[in-house]
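Here's data_18.txt, which has compact mmCIF, N, CA and C atoms:
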# COMPACT_ATOMS: atom_id res chain seq x y z
N MET L 1 9.31 -7.98 -27.02
CA MET L 1 8.17 -7.43 -26.30
C MET L 1 8.62 -7.07 -24.89
N GLN L 2 8.19 -5.90 -24.43
CA GLN L 2 8.50 -5.48 -23.07
C GLN L 2 7.21 -5.05 -22.39
N GLN L 3 6.97 -5.59 -21.21
CA GLN L 3 5.80 -5.23 -20.43
C GLN L 3 6.22 -5.01 -18.99
N GLY L 4 5.41 -4.29 -18.26
CA GLY L 4 5.67 -4.07 -16.85
C GLY L 4 4.38 -3.73 -16.15
N LEU L 5 4.32 -4.04 -14.89
CA LEU L 5 3.14 -3.71 -14.10
C LEU L 5 3.17 -2.21 -13.80
N HIS L 6 2.14 -1.51 -14.24
CA HIS L 6 2.09 -0.06 -14.06
C HIS L 6 1.44 0.31 -12.73
N ALA L 7 0.25 -0.25 -12.46
CA ALA L 7 -0.47 0.11 -11.25
C ALA L 7 -1.44 -1.00 -10.86
N VAL L 8 -1.78 -0.99 -9.58
CA VAL L 8 -2.79 -1.88 -9.03
C VAL L 8 -3.81 -1.00 -8.33
N THR L 9 -5.09 -1.24 -8.57
CA THR L 9 -6.14 -0.43 -7.96
C THR L 9 -6.37 -0.84 -6.51
N LEU L 10 -6.48 0.16 -5.67
CA LEU L 10 -6.81 -0.04 -4.27
C LEU L 10 -8.05 0.82 -3.98
N VAL L 11 -9.17 0.18 -3.71
CA VAL L 11 -10.41 0.90 -3.43
C VAL L 11 -10.34 1.45 -2.01
N VAL L 12 -10.58 2.75 -1.87
CA VAL L 12 -10.47 3.44 -0.58
C VAL L 12 -11.75 4.24 -0.32
N PRO L 13 -12.02 4.58 0.94
CA PRO L 13 -13.23 5.34 1.23
C PRO L 13 -13.14 6.81 0.84
N ASP L 14 -11.92 7.36 0.80
CA ASP L 14 -11.76 8.79 0.53
C ASP L 14 -10.38 9.02 -0.10
N TYR L 15 -10.33 9.80 -1.16
CA TYR L 15 -9.06 10.07 -1.82
C TYR L 15 -8.06 10.73 -0.87
N ASP L 16 -8.46 11.82 -0.24
CA ASP L 16 -7.52 12.61 0.53
C ASP L 16 -7.00 11.88 1.76
N ASP L 17 -7.85 11.10 2.43
CA ASP L 17 -7.39 10.30 3.57
C ASP L 17 -6.36 9.27 3.12
N ALA L 18 -6.61 8.64 1.98
CA ALA L 18 -5.68 7.64 1.46
C ALA L 18 -4.36 8.29 1.03
N ILE L 19 -4.45 9.42 0.35
CA ILE L 19 -3.24 10.14 -0.04
C ILE L 19 -2.42 10.50 1.20
N ALA L 20 -3.08 11.01 2.22
CA ALA L 20 -2.38 11.40 3.45
C ALA L 20 -1.66 10.20 4.07
N PHE L 21 -2.35 9.06 4.16
CA PHE L 21 -1.70 7.90 4.76
C PHE L 21 -0.49 7.46 3.95
N TYR L 22 -0.67 7.28 2.66
CA TYR L 22 0.42 6.74 1.86
C TYR L 22 1.58 7.72 1.69
N THR L 23 1.31 9.01 1.62
CA THR L 23 2.40 9.96 1.42
C THR L 23 3.04 10.41 2.74
N LYS L 24 2.25 10.60 3.77
CA LYS L 24 2.83 11.08 5.04
C LYS L 24 3.33 9.94 5.90
N THR L 25 2.53 8.90 6.07
CA THR L 25 2.91 7.80 6.95
C THR L 25 3.95 6.89 6.31
N LEU L 26 3.75 6.56 5.04
CA LEU L 26 4.65 5.62 4.37
C LEU L 26 5.68 6.28 3.46
N ARG L 27 5.53 7.60 3.25
CA ARG L 27 6.45 8.38 2.43
C ARG L 27 6.43 8.00 0.94
N PHE L 28 5.27 7.48 0.49
CA PHE L 28 5.09 7.28 -0.95
C PHE L 28 5.06 8.66 -1.60
N ARG L 29 5.29 8.68 -2.89
CA ARG L 29 5.25 9.92 -3.65
C ARG L 29 3.90 10.01 -4.37
N LEU L 30 3.26 11.16 -4.29
CA LEU L 30 2.03 11.38 -5.06
C LEU L 30 2.47 11.65 -6.50
N THR L 31 2.25 10.66 -7.35
CA THR L 31 2.74 10.72 -8.73
C THR L 31 1.77 11.48 -9.63
N GLN L 32 0.47 11.23 -9.43
CA GLN L 32 -0.55 11.93 -10.22
C GLN L 32 -1.80 12.11 -9.38
N ASP L 33 -2.46 13.24 -9.58
CA ASP L 33 -3.77 13.51 -8.99
C ASP L 33 -4.52 14.37 -10.00
N ILE L 34 -5.30 13.71 -10.83
CA ILE L 34 -5.98 14.39 -11.94
C ILE L 34 -7.48 14.32 -11.72
N ASP L 35 -8.13 15.47 -11.76
CA ASP L 35 -9.59 15.55 -11.62
C ASP L 35 -10.23 15.04 -12.91
N LEU L 36 -11.05 14.00 -12.78
CA LEU L 36 -11.74 13.42 -13.93
C LEU L 36 -13.18 13.89 -14.04
N GLY L 37 -13.60 14.75 -13.13
CA GLY L 37 -14.98 15.23 -13.13
C GLY L 37 -15.90 14.28 -12.40
N GLU L 38 -17.05 14.79 -12.03
CA GLU L 38 -18.09 14.01 -11.36
C GLU L 38 -17.59 13.31 -10.10
N GLY L 39 -16.65 13.96 -9.37
CA GLY L 39 -16.14 13.43 -8.12
C GLY L 39 -15.08 12.35 -8.26
N LYS L 40 -14.64 12.07 -9.48
CA LYS L 40 -13.63 11.03 -9.70
C LYS L 40 -12.28 11.66 -9.98
N ARG L 41 -11.24 10.96 -9.51
CA ARG L 41 -9.86 11.41 -9.72
C ARG L 41 -9.00 10.23 -10.13
N TRP L 42 -7.93 10.51 -10.84
CA TRP L 42 -6.90 9.54 -11.17
C TRP L 42 -5.76 9.83 -10.21
N VAL L 43 -5.61 8.99 -9.18
CA VAL L 43 -4.63 9.24 -8.13
C VAL L 43 -3.65 8.07 -8.08
N LEU L 44 -2.38 8.36 -8.37
CA LEU L 44 -1.32 7.37 -8.29
C LEU L 44 -0.34 7.75 -7.19
N VAL L 45 0.00 6.77 -6.33
CA VAL L 45 1.05 6.94 -5.33
C VAL L 45 2.08 5.85 -5.57
N THR L 46 3.35 6.22 -5.39
CA THR L 46 4.45 5.34 -5.72
C THR L 46 5.41 5.23 -4.54
N PRO L 47 5.77 4.01 -4.15
CA PRO L 47 6.73 3.85 -3.05
C PRO L 47 8.09 4.44 -3.42
N PRO L 48 8.83 4.93 -2.41
CA PRO L 48 10.17 5.43 -2.71
C PRO L 48 11.04 4.32 -3.29
N GLY L 49 11.76 4.62 -4.35
CA GLY L 49 12.62 3.63 -4.96
C GLY L 49 11.92 2.65 -5.88
N SER L 50 10.63 2.87 -6.13
CA SER L 50 9.88 1.96 -6.99
C SER L 50 10.43 2.00 -8.41
N ASP L 51 10.34 0.86 -9.07
CA ASP L 51 10.76 0.79 -10.47
C ASP L 51 9.62 1.17 -11.41
N GLY L 52 8.61 1.86 -10.87
CA GLY L 52 7.52 2.34 -11.69
C GLY L 52 6.15 1.87 -11.26
N ALA L 53 6.05 0.74 -10.59
CA ALA L 53 4.75 0.23 -10.16
C ALA L 53 4.16 1.16 -9.10
N ALA L 54 2.85 1.40 -9.21
CA ALA L 54 2.18 2.35 -8.33
C ALA L 54 0.85 1.78 -7.86
N LEU L 55 0.27 2.43 -6.87
CA LEU L 55 -1.09 2.15 -6.44
C LEU L 55 -1.99 3.20 -7.07
N LEU L 56 -3.09 2.75 -7.66
CA LEU L 56 -4.13 3.65 -8.14
C LEU L 56 -5.18 3.69 -7.04
N LEU L 57 -5.28 4.83 -6.35
CA LEU L 57 -6.25 4.98 -5.28
C LEU L 57 -7.59 5.35 -5.90
N ALA L 58 -8.58 4.48 -5.73
CA ALA L 58 -9.89 4.68 -6.35
C ALA L 58 -10.93 4.80 -5.25
N LYS L 59 -11.63 5.93 -5.20
CA LYS L 59 -12.67 6.12 -4.20
C LYS L 59 -13.85 5.20 -4.52
N ALA L 60 -14.28 4.47 -3.49
CA ALA L 60 -15.39 3.55 -3.66
C ALA L 60 -16.61 4.28 -4.19
N ASP L 61 -17.28 3.65 -5.15
CA ASP L 61 -18.46 4.22 -5.76
C ASP L 61 -19.57 3.16 -5.68
N GLY L 62 -20.47 3.33 -4.75
CA GLY L 62 -21.58 2.38 -4.61
C GLY L 62 -21.35 1.41 -3.47
N ASP L 63 -22.42 0.74 -3.10
CA ASP L 63 -22.40 -0.17 -1.95
C ASP L 63 -21.43 -1.33 -2.12
N SER L 64 -21.39 -1.95 -3.30
CA SER L 64 -20.53 -3.12 -3.47
C SER L 64 -19.05 -2.74 -3.37
N GLN L 65 -18.68 -1.59 -3.89
CA GLN L 65 -17.29 -1.16 -3.78
C GLN L 65 -16.96 -0.77 -2.34
N ARG L 66 -17.87 -0.09 -1.66
CA ARG L 66 -17.63 0.26 -0.25
C ARG L 66 -17.48 -1.02 0.59
N ALA L 67 -18.26 -2.03 0.29
CA ALA L 67 -18.18 -3.30 1.02
C ALA L 67 -16.85 -4.01 0.79
N ALA L 68 -16.19 -3.75 -0.33
CA ALA L 68 -14.93 -4.42 -0.66
C ALA L 68 -13.71 -3.76 -0.03
N ILE L 69 -13.87 -2.57 0.52
CA ILE L 69 -12.72 -1.87 1.11
C ILE L 69 -12.13 -2.74 2.22
N GLY L 70 -10.85 -2.98 2.11
CA GLY L 70 -10.13 -3.74 3.12
C GLY L 70 -10.17 -5.24 2.93
N ILE L 71 -11.03 -5.72 2.05
CA ILE L 71 -11.10 -7.17 1.82
C ILE L 71 -11.05 -7.49 0.32
N GLN L 72 -10.36 -6.65 -0.40
CA GLN L 72 -10.27 -6.82 -1.84
C GLN L 72 -9.58 -8.11 -2.25
N THR L 73 -8.79 -8.68 -1.34
CA THR L 73 -8.10 -9.94 -1.64
C THR L 73 -8.62 -11.06 -0.76
N GLY L 74 -9.86 -10.94 -0.31
CA GLY L 74 -10.50 -12.00 0.45
C GLY L 74 -9.90 -12.24 1.83
N GLY L 75 -9.26 -11.23 2.39
CA GLY L 75 -8.66 -11.36 3.71
C GLY L 75 -7.21 -11.81 3.70
N ARG L 76 -6.70 -12.15 2.52
CA ARG L 76 -5.29 -12.55 2.41
C ARG L 76 -4.41 -11.32 2.31
N VAL L 77 -3.12 -11.50 2.57
CA VAL L 77 -2.17 -10.44 2.26
C VAL L 77 -2.20 -10.26 0.76
N GLY L 78 -2.46 -9.04 0.33
CA GLY L 78 -2.59 -8.80 -1.10
C GLY L 78 -1.56 -7.84 -1.65
N PHE L 79 -0.78 -7.22 -0.77
CA PHE L 79 0.17 -6.20 -1.20
C PHE L 79 1.50 -6.44 -0.49
N PHE L 80 2.59 -6.21 -1.19
CA PHE L 80 3.91 -6.54 -0.69
C PHE L 80 4.82 -5.34 -0.89
N LEU L 81 5.22 -4.73 0.23
CA LEU L 81 6.09 -3.56 0.19
C LEU L 81 7.52 -4.03 0.44
N ARG L 82 8.32 -4.01 -0.63
CA ARG L 82 9.71 -4.44 -0.57
C ARG L 82 10.57 -3.32 0.01
N THR L 83 11.52 -3.69 0.85
CA THR L 83 12.44 -2.72 1.43
C THR L 83 13.87 -3.23 1.32
N ASP L 84 14.82 -2.31 1.34
CA ASP L 84 16.23 -2.70 1.37
C ASP L 84 16.78 -2.66 2.80
N ASP L 85 15.95 -2.20 3.76
CA ASP L 85 16.37 -2.15 5.17
C ASP L 85 15.14 -2.38 6.05
N PHE L 86 14.87 -3.63 6.34
CA PHE L 86 13.67 -3.99 7.10
C PHE L 86 13.62 -3.29 8.45
N ALA L 87 14.72 -3.33 9.19
CA ALA L 87 14.74 -2.75 10.54
C ALA L 87 14.41 -1.26 10.51
N ARG L 88 14.98 -0.54 9.57
CA ARG L 88 14.72 0.90 9.45
C ARG L 88 13.25 1.17 9.16
N ASP L 89 12.72 0.50 8.15
CA ASP L 89 11.34 0.78 7.74
C ASP L 89 10.32 0.26 8.75
N HIS L 90 10.59 -0.86 9.38
CA HIS L 90 9.71 -1.39 10.41
C HIS L 90 9.63 -0.40 11.57
N ALA L 91 10.77 0.08 12.04
CA ALA L 91 10.80 1.05 13.14
C ALA L 91 10.09 2.35 12.75
N ASP L 92 10.33 2.81 11.54
CA ASP L 92 9.70 4.04 11.06
C ASP L 92 8.18 3.89 10.98
N MET L 93 7.73 2.77 10.48
CA MET L 93 6.29 2.53 10.36
C MET L 93 5.65 2.44 11.73
N LEU L 94 6.29 1.75 12.67
CA LEU L 94 5.76 1.68 14.03
C LEU L 94 5.67 3.07 14.65
N ALA L 95 6.71 3.87 14.46
CA ALA L 95 6.73 5.23 15.00
C ALA L 95 5.63 6.10 14.40
N ASN L 96 5.20 5.76 13.20
CA ASN L 96 4.14 6.52 12.52
C ASN L 96 2.76 5.90 12.71
N GLY L 97 2.64 4.95 13.63
CA GLY L 97 1.34 4.42 13.99
C GLY L 97 0.83 3.27 13.15
N VAL L 98 1.66 2.69 12.31
CA VAL L 98 1.23 1.55 11.50
C VAL L 98 1.07 0.34 12.43
N ARG L 99 -0.03 -0.40 12.25
CA ARG L 99 -0.32 -1.56 13.10
C ARG L 99 0.16 -2.83 12.42
N PHE L 100 1.13 -3.47 13.06
CA PHE L 100 1.63 -4.76 12.60
C PHE L 100 0.85 -5.86 13.30
N GLU L 101 0.53 -6.92 12.57
CA GLU L 101 -0.20 -8.06 13.12
C GLU L 101 0.71 -9.05 13.82
N GLU L 102 2.00 -8.93 13.60
CA GLU L 102 2.95 -9.92 14.11
C GLU L 102 4.32 -9.28 14.27
N GLU L 103 5.17 -9.98 15.00
CA GLU L 103 6.57 -9.60 15.08
C GLU L 103 7.26 -10.01 13.79
N PRO L 104 8.36 -9.37 13.44
CA PRO L 104 9.09 -9.79 12.24
C PRO L 104 9.48 -11.26 12.34
N ARG L 105 9.41 -11.94 11.20
CA ARG L 105 9.80 -13.35 11.17
C ARG L 105 10.77 -13.57 10.02
N TYR L 106 11.60 -14.57 10.24
CA TYR L 106 12.63 -14.90 9.27
C TYR L 106 12.19 -16.12 8.49
N GLU L 107 12.06 -15.95 7.20
CA GLU L 107 11.65 -17.02 6.29
C GLU L 107 12.81 -17.32 5.34
N PRO L 108 12.76 -18.43 4.64
CA PRO L 108 13.85 -18.74 3.70
C PRO L 108 14.07 -17.65 2.64
N TYR L 109 13.04 -16.89 2.33
CA TYR L 109 13.14 -15.86 1.30
C TYR L 109 13.48 -14.48 1.86
N GLY L 110 13.40 -14.30 3.20
CA GLY L 110 13.74 -13.00 3.76
C GLY L 110 13.06 -12.72 5.09
N ILE L 111 13.11 -11.46 5.50
CA ILE L 111 12.47 -10.99 6.72
C ILE L 111 11.12 -10.41 6.32
N VAL L 112 10.07 -10.72 7.09
CA VAL L 112 8.72 -10.30 6.72
C VAL L 112 7.88 -10.07 7.96
N ALA L 113 6.94 -9.15 7.86
CA ALA L 113 5.92 -8.95 8.90
C ALA L 113 4.67 -8.40 8.22
N VAL L 114 3.52 -8.89 8.67
CA VAL L 114 2.23 -8.47 8.12
C VAL L 114 1.75 -7.23 8.87
N TRP L 115 1.26 -6.25 8.11
CA TRP L 115 0.69 -5.03 8.68
C TRP L 115 -0.58 -4.67 7.92
N GLN L 116 -1.35 -3.75 8.48
CA GLN L 116 -2.58 -3.29 7.82
C GLN L 116 -2.54 -1.79 7.61
N ASP L 117 -3.07 -1.38 6.46
CA ASP L 117 -3.28 0.05 6.25
C ASP L 117 -4.56 0.44 7.01
N PRO L 118 -4.88 1.72 7.13
CA PRO L 118 -6.05 2.11 7.93
C PRO L 118 -7.39 1.68 7.34
N PHE L 119 -7.36 1.12 6.13
CA PHE L 119 -8.58 0.71 5.46
C PHE L 119 -8.82 -0.79 5.58
N GLY L 120 -7.89 -1.50 6.26
CA GLY L 120 -8.04 -2.92 6.50
C GLY L 120 -7.31 -3.83 5.53
N ASN L 121 -6.62 -3.26 4.54
CA ASN L 121 -5.86 -4.08 3.60
C ASN L 121 -4.62 -4.64 4.28
N ARG L 122 -4.38 -5.92 4.05
CA ARG L 122 -3.22 -6.58 4.66
C ARG L 122 -2.03 -6.53 3.70
N TRP L 123 -0.89 -6.17 4.26
CA TRP L 123 0.35 -6.01 3.51
C TRP L 123 1.46 -6.82 4.17
N ASP L 124 2.46 -7.18 3.40
CA ASP L 124 3.74 -7.65 3.93
C ASP L 124 4.76 -6.54 3.77
N LEU L 125 5.52 -6.26 4.83
CA LEU L 125 6.77 -5.52 4.68
C LEU L 125 7.82 -6.61 4.55
N ILE L 126 8.61 -6.55 3.50
CA ILE L 126 9.50 -7.67 3.22
C ILE L 126 10.86 -7.19 2.71
N GLN L 127 11.89 -7.79 3.27
CA GLN L 127 13.24 -7.61 2.75
C GLN L 127 13.72 -8.98 2.29
N PHE L 128 13.92 -9.12 1.00
CA PHE L 128 14.36 -10.39 0.44
C PHE L 128 15.84 -10.63 0.73
N THR L 129 16.17 -11.91 0.95
CA THR L 129 17.58 -12.26 1.18
C THR L 129 18.27 -12.48 -0.14

Step by step, read the file and then write its structure as structure tokens.
Amino acid sequence: MQQGLHAVTLVVPDYDDAIAFYTKTLRFRLTQDIDLGEGKRWVLVTPPGSDGAALLLAKADGDSQRAAIGIQTGGRVGFFLRTDDFARDHADMLANGVRFEEEPRYEPYGIVAVWQDPFGNRWDLIQFT
């Protein structure tokens, strides 16, 4: 049996704003953008060098989904962006206006720093040792 994580849903306020952030600021690749009708789209963005796992950007539909934007993981870091060069990507993200909550820190598992996307989701930028 072979399985793999294909995508994780990230509820966002607007498809195009989310696509712009992830593709322009973070240099993710827009893998799919399919019109599903009635204002819904199937939008996948994939980090450079990903082994296939992607984010499914889903536009919030209704009050409860809009209320969940940015707190989908209860305020915890819920997303982990792995890098092979922390210094390069940290500097690039800062230059592109990404807000880090802390200075890089060295942990037994690697170098890490928490940052937020423009929708309030907390991420780790992490380079494993």

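The two atoms in question, atom C of Trp115 of chain L and atom N of Glu102 of chain L, are spaced 7.6 Å apart.
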
What are the centre and edge lengths in Å, to one decimal, of the axis-aligned box around all listed atoms of segment 7-10 of chain L with 8 Å added on each side, as AutoDock Vina command-line options?
--center_x -3.9 --center_y -0.5 --center_z -8.2 --size_x 24.3 --size_y 18.7 --size_z 24.5

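Distances here use all atoms listed in the file; by that measure, the residue among L:Pro104, L:Gly52, L:Gly70, L:Gly110 closest to Pro13 of chain L is L:Gly70.
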
Report, in Å with one decimal, the straight-line distance from atom N of Gln3 of chain L to atom CA of Ala53 of chain L. 12.7 Å

Correct to one decimal, the distance atom C of His6 of chain L-atom N of Leu55 of chain L is 6.3 Å

Strand (DSSP E or B) call set, DSSP backbone run, segment 8-124 of chain L, as a PyMOL selection string: chain L and resi 8-12+29-37+40-46+54-59+79-82+99-100+105-107+110-116+122-124

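By chain and then residue number, the residues within 6.5 Å of segment 23-36 of chain L are Ala18, Ile19, Ala20, Gly39, Lys40, Arg41, Trp42, Val43, Leu44, Val45, Thr46, Pro47, Pro48, Met93 and Asn96 of chain L, counting only N, CA and C atoms and disregarding those fewer than 3 positions away in sequence.
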
If you run DSSP over the backbone, which residues in chain L end up helix (DSSP H, G or I)? Put them as a PyMOL selection string. chain L and resi 15-25+63-68+86-95

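Counting only C-alpha atoms, the residue from L:Ser64, L:Ser50, L:Gln116, L:Gln2 that sits nearest to Arg76 of chain L is L:Gln116.
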
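Nearest residue to Gly4 of chain L among L:Gly37, L:Thr73, L:Ala67, L:Ala54 is L:Ala54, counting only C-alpha atoms.
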
Restricting the calculation to only N, CA and C atoms: of L:Ala68, L:Val12, L:Ala87, L:Leu57, which residue gets closest to Gln127 of chain L? L:Ala87
